[in-house]
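Worksheet: one structure, shown below.
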Amino acid sequence: MDREELQQTLTELRHDLLGLDGEAARLRDAPWLPPWERLLRRMDGLIARLEREDEPLLVVFAGGTGAGKSTLANTLAGSAVAATSARRPTTSVPTVIGRPGDLDTVLRRGVLAAEAERAALRTAPLESVPEGLVVVDAPDVDSVETANRAATERLLEVADVWVWLATARTYADEAGMVYLRQAAQLDVSTLVVLTQASDAEAHEILPDLAEKLDAAGHRTVETAHLPTAPVSGERLPESVAGPVLERIRALAPAEQRAAHRRRTVLGAVRYLPAEVDALLEAVDSERAAARGLAATVEEDYADVPQRVLTQLHEGEPLRREVLRRWTELVGSGWLQRQLHAAVGQLSPRRWLAWLPLGRGGRQVEQEAKEEARAGIAEMLHTVLEQTAAGVESAWQQEPVGRAIFARGPRPRAAGSVARRADAEALVAAWEQQVAEHVATIGRAKLSWARRATTGINATFTSAVLVLFTLSGGLSTGELALTAAGSTTTHTVLSRILGERNVHQLITDIREDLHNRVAELAESEAQVYHRLLTVAAPSPEAVDAVRARRDALAGEL
Ligand SMILES: Nc1nc2c(ncn2[C@@H]2O[C@H](COP(=O)(O)OP(=O)(O)O)[C@@H](O)[C@H]2O)c(=O)[nH]1
Ligand SMILES: [Mg+2]
């Protein structure tokens, strides 16, 4: 893979990784977010390094107070431009040292340009610095100044070589390890220099240091020992600093710079497929959790229509109440009179004349109908309430579910599911449908009734509702539920509509109710499914990353 291909591959992978989404994941504090952000930052660094292959190398000297950063930077620069001090921190802003042309180039870079603009950098143009190297004397990271630490972190993101200086006393400090871990995460080529230590100390410390760097996640890191030596003119003698500085100077020629950058980038890129895998695994487990939540919604809401029908069938209180009304209705003899009229094939005009007779009967009929309607709506509403409550309590058991609820009100509390008005509207629409069934199914027998639409159809509607409610729309045997006197609902209907038609009617309206409830249940389920769309990265986004990861792995 040449530089351009590599650059393109990394840019595309970065783009696809961004597609896993950020904002939603941040809102729900997704467990894969920190590794995702680390990976993106690392890739930004790699891409940036490839982009500036021909530019001067940025060598950053960092570490705690008194480690010797300024002294070593001066030594490399060949002049005492960075102030050194035995007692207190002297460097509060980074000092950037290099040949004027090199400085110009480096200071154009994003982070450094911004720092230079707000005077957060001190620049020292100096001809004695080797061409191709720009040296930065970083602020002391152990200073009380938080600005120092922030500046050091920003330098880490642009450094080509990170030279970390530590003494025998400070090398294991957590304050420094933080930066070494970050350098490892960013795959910045790192050289750790043990300063002001005797050979005996170095012999003891260097293996321990190597172990600590390994634990910090460094894949390729070098260590060096800078023996104690007298400092003169704020610089170390070349005889002492030479071996360490030579490693840095060797990178200065253009070819070496390019090779260094490509090497560090390639070294890091080799780990990318495995890192993407680890990330995708974390994303997958989150997606699996989201699928689990979706399955709960699907299962619970799929049961709703059957539960409603079963409850209608078993709904004792409802049945009793309606039965009472029906008994009154039939008992009043009003319906029978109408039946006689119908069966006796009175002319519509004459039949209609009968209607006002049963003012009381019609009122009872109206009440029976309302009883059934309200009862069914109430029961449907209760089933929807219970379903929503069940789903929400199952979601609450899962971290992903809790995260969703932490983002906004729950659908049940917000009234976006299990609305009473929806249940009532459903029953009203169903009742309308029942009336239409009645009007059409017994067409032959009801030819006269169709013309007397409102009166007879409303009666039959309530009769059917009652019949249905009482019997659950079942067998003829069951239909023998007796009302007052000798007239059963079944008989009433059968005589008017015909036996076969009654069965068909019951099947149809039962199915119709089932379908309506299923539709409402589905739309309530969608309220929960919509919440889940932002619960985890989309399969498309994951597939895109996976495909890109495979392509990269294939090219390595
Ligand atoms: N003897 C000796 N003194 C050193 C060495 N490096 C730094 N110093 C002294 O340690 C003090 C702190 O050094 P300085 O470069 O300012 O450290 P910084 O805070 O990391 O920039 C100064 O007095 C230096 O002269 C060294 O290798 N040997
Ligand atoms: Mg200093």
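A note on labels: chains of the structure tokens are A, B, ... as shown, every chain counts residues from 1, and ligands are counted from 1 in their shown order.
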Return as a PyMOL selection string the residues of protein, DNA or RNA that approach ligand 1 to within 10 Å, with only C-alpha atoms and all ligand atoms taken into account.
chain A and resi 61-75+82-91+137-143+164-167+194-197+225-237+240-241
List the neighbours of Ala553 (chain A) out to 9 Å using only C-alpha atoms; skip same-chain residues closer than 2 positions along the sequence, and give me the result as a PyMOL selection string.
chain A and resi 270+272-273+548-551+555-556
Figure out the distance between CA of Ala394 (chain A) and CA of Thr296 (chain A), please, to one decimal in Å.
7.6 Å
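Closest to Asp54 (chain A) among A:Ala254, A:Leu33, A:Leu155, A:Val129 is A:Ala254, based on only C-alpha atoms.
For Glu424 (chain A), the set of protein, DNA and RNA residues having any atom at most 9 Å away, when counting only C-alpha atoms and skipping those fewer than 2 positions along the same chain, is Arg373, Ala374, Ile376, Ala377, Glu378, Leu380, His381, Arg419, Arg420, Ala421, Asp422, Leu426, Val427, Ala428 and Ala429 of chain A.
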Store the residues picked out above in a file with N, CA and C atoms, as a CSV table (one decimal), in the first residue's frame.
```
chain,number,residue,atom,x,y,z
A,373,ARG,N,-70.5,-1.2,24.5
A,373,ARG,CA,-69.5,-0.4,23.9
A,373,ARG,C,-68.4,0.0,25.0
A,374,ALA,N,-69.0,0.6,26.1
A,374,ALA,CA,-68.1,1.1,27.2
A,374,ALA,C,-67.3,-0.1,27.8
A,376,ILE,N,-66.4,-2.9,26.4
A,376,ILE,CA,-65.3,-3.5,25.5
A,376,ILE,C,-64.2,-2.5,25.5
A,377,ALA,N,-64.5,-1.2,25.4
A,377,ALA,CA,-63.5,-0.2,25.3
A,377,ALA,C,-62.6,-0.2,26.6
A,378,GLU,N,-63.3,-0.3,27.7
A,378,GLU,CA,-62.6,-0.3,29.0
A,378,GLU,C,-61.6,-1.5,29.1
A,380,LEU,N,-60.4,-3.2,26.5
A,380,LEU,CA,-59.3,-3.1,25.6
A,380,LEU,C,-58.2,-2.1,26.1
A,381,HIS,N,-58.7,-1.0,26.7
A,381,HIS,CA,-57.8,-0.1,27.3
A,381,HIS,C,-56.9,-0.7,28.4
A,419,ARG,N,-54.0,4.9,25.0
A,419,ARG,CA,-54.9,6.0,25.2
A,419,ARG,C,-56.3,5.6,25.2
A,420,ARG,N,-57.1,6.0,26.2
A,420,ARG,CA,-58.5,5.6,26.4
A,420,ARG,C,-59.3,6.0,25.1
A,421,ALA,N,-59.0,7.2,24.6
A,421,ALA,CA,-59.7,7.7,23.4
A,421,ALA,C,-59.5,6.8,22.2
A,422,ASP,N,-58.3,6.2,22.1
A,422,ASP,CA,-58.0,5.3,21.0
A,422,ASP,C,-58.9,4.0,21.1
A,426,LEU,N,-61.8,2.9,18.6
A,426,LEU,CA,-61.7,1.6,17.9
A,426,LEU,C,-63.1,0.9,18.1
A,427,VAL,N,-63.6,0.9,19.2
A,427,VAL,CA,-64.9,0.2,19.5
A,427,VAL,C,-66.0,0.8,18.6
A,428,ALA,N,-66.0,2.2,18.6
A,428,ALA,CA,-67.0,2.9,17.8
A,428,ALA,C,-66.9,2.5,16.3
A,429,ALA,N,-65.7,2.4,15.8
A,429,ALA,CA,-65.5,2.1,14.4
A,429,ALA,C,-65.9,0.7,14.2
```
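Counting only C-alpha atoms and all ligand atoms, the residue from A:Pro94, A:Thr105, A:Gln256, A:Arg41 that sits nearest to ligand 2 is A:Pro94.
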Excluding Ala535 (chain A) and its own-chain neighbours fewer than 2 positions away, which residues fall within 7 Å of it when counting only C-alpha atoms? Please give them as number ranges by chain.
A: 290, 400, 404, 531-533
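Atom pair CA of Pro56 (chain A) / CA of Leu133 (chain A): separated by 5.3 Å.
Ranking A:Thr9, A:Gln432, A:Thr95, A:Gln526 by their shortest atom-to-atom distance to ligand 2, with only C-alpha atoms and all ligand atoms included, puts A:Thr95 first.
Taking only C-alpha atoms, the non-local environment of region 183-191 of chain A within 6 Å (same-chain residues fewer than 5 positions away omitted) comprises Arg42, Val161, Trp162, Val163, Gly217, His218, Val221, Glu222 and Thr223 of chain A.
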Have a look at A:Leu384, A:Val265, A:Ala80, A:Val106 and name the one nearest to ligand 2; count only C-alpha atoms and all ligand atoms.
A:Ala80
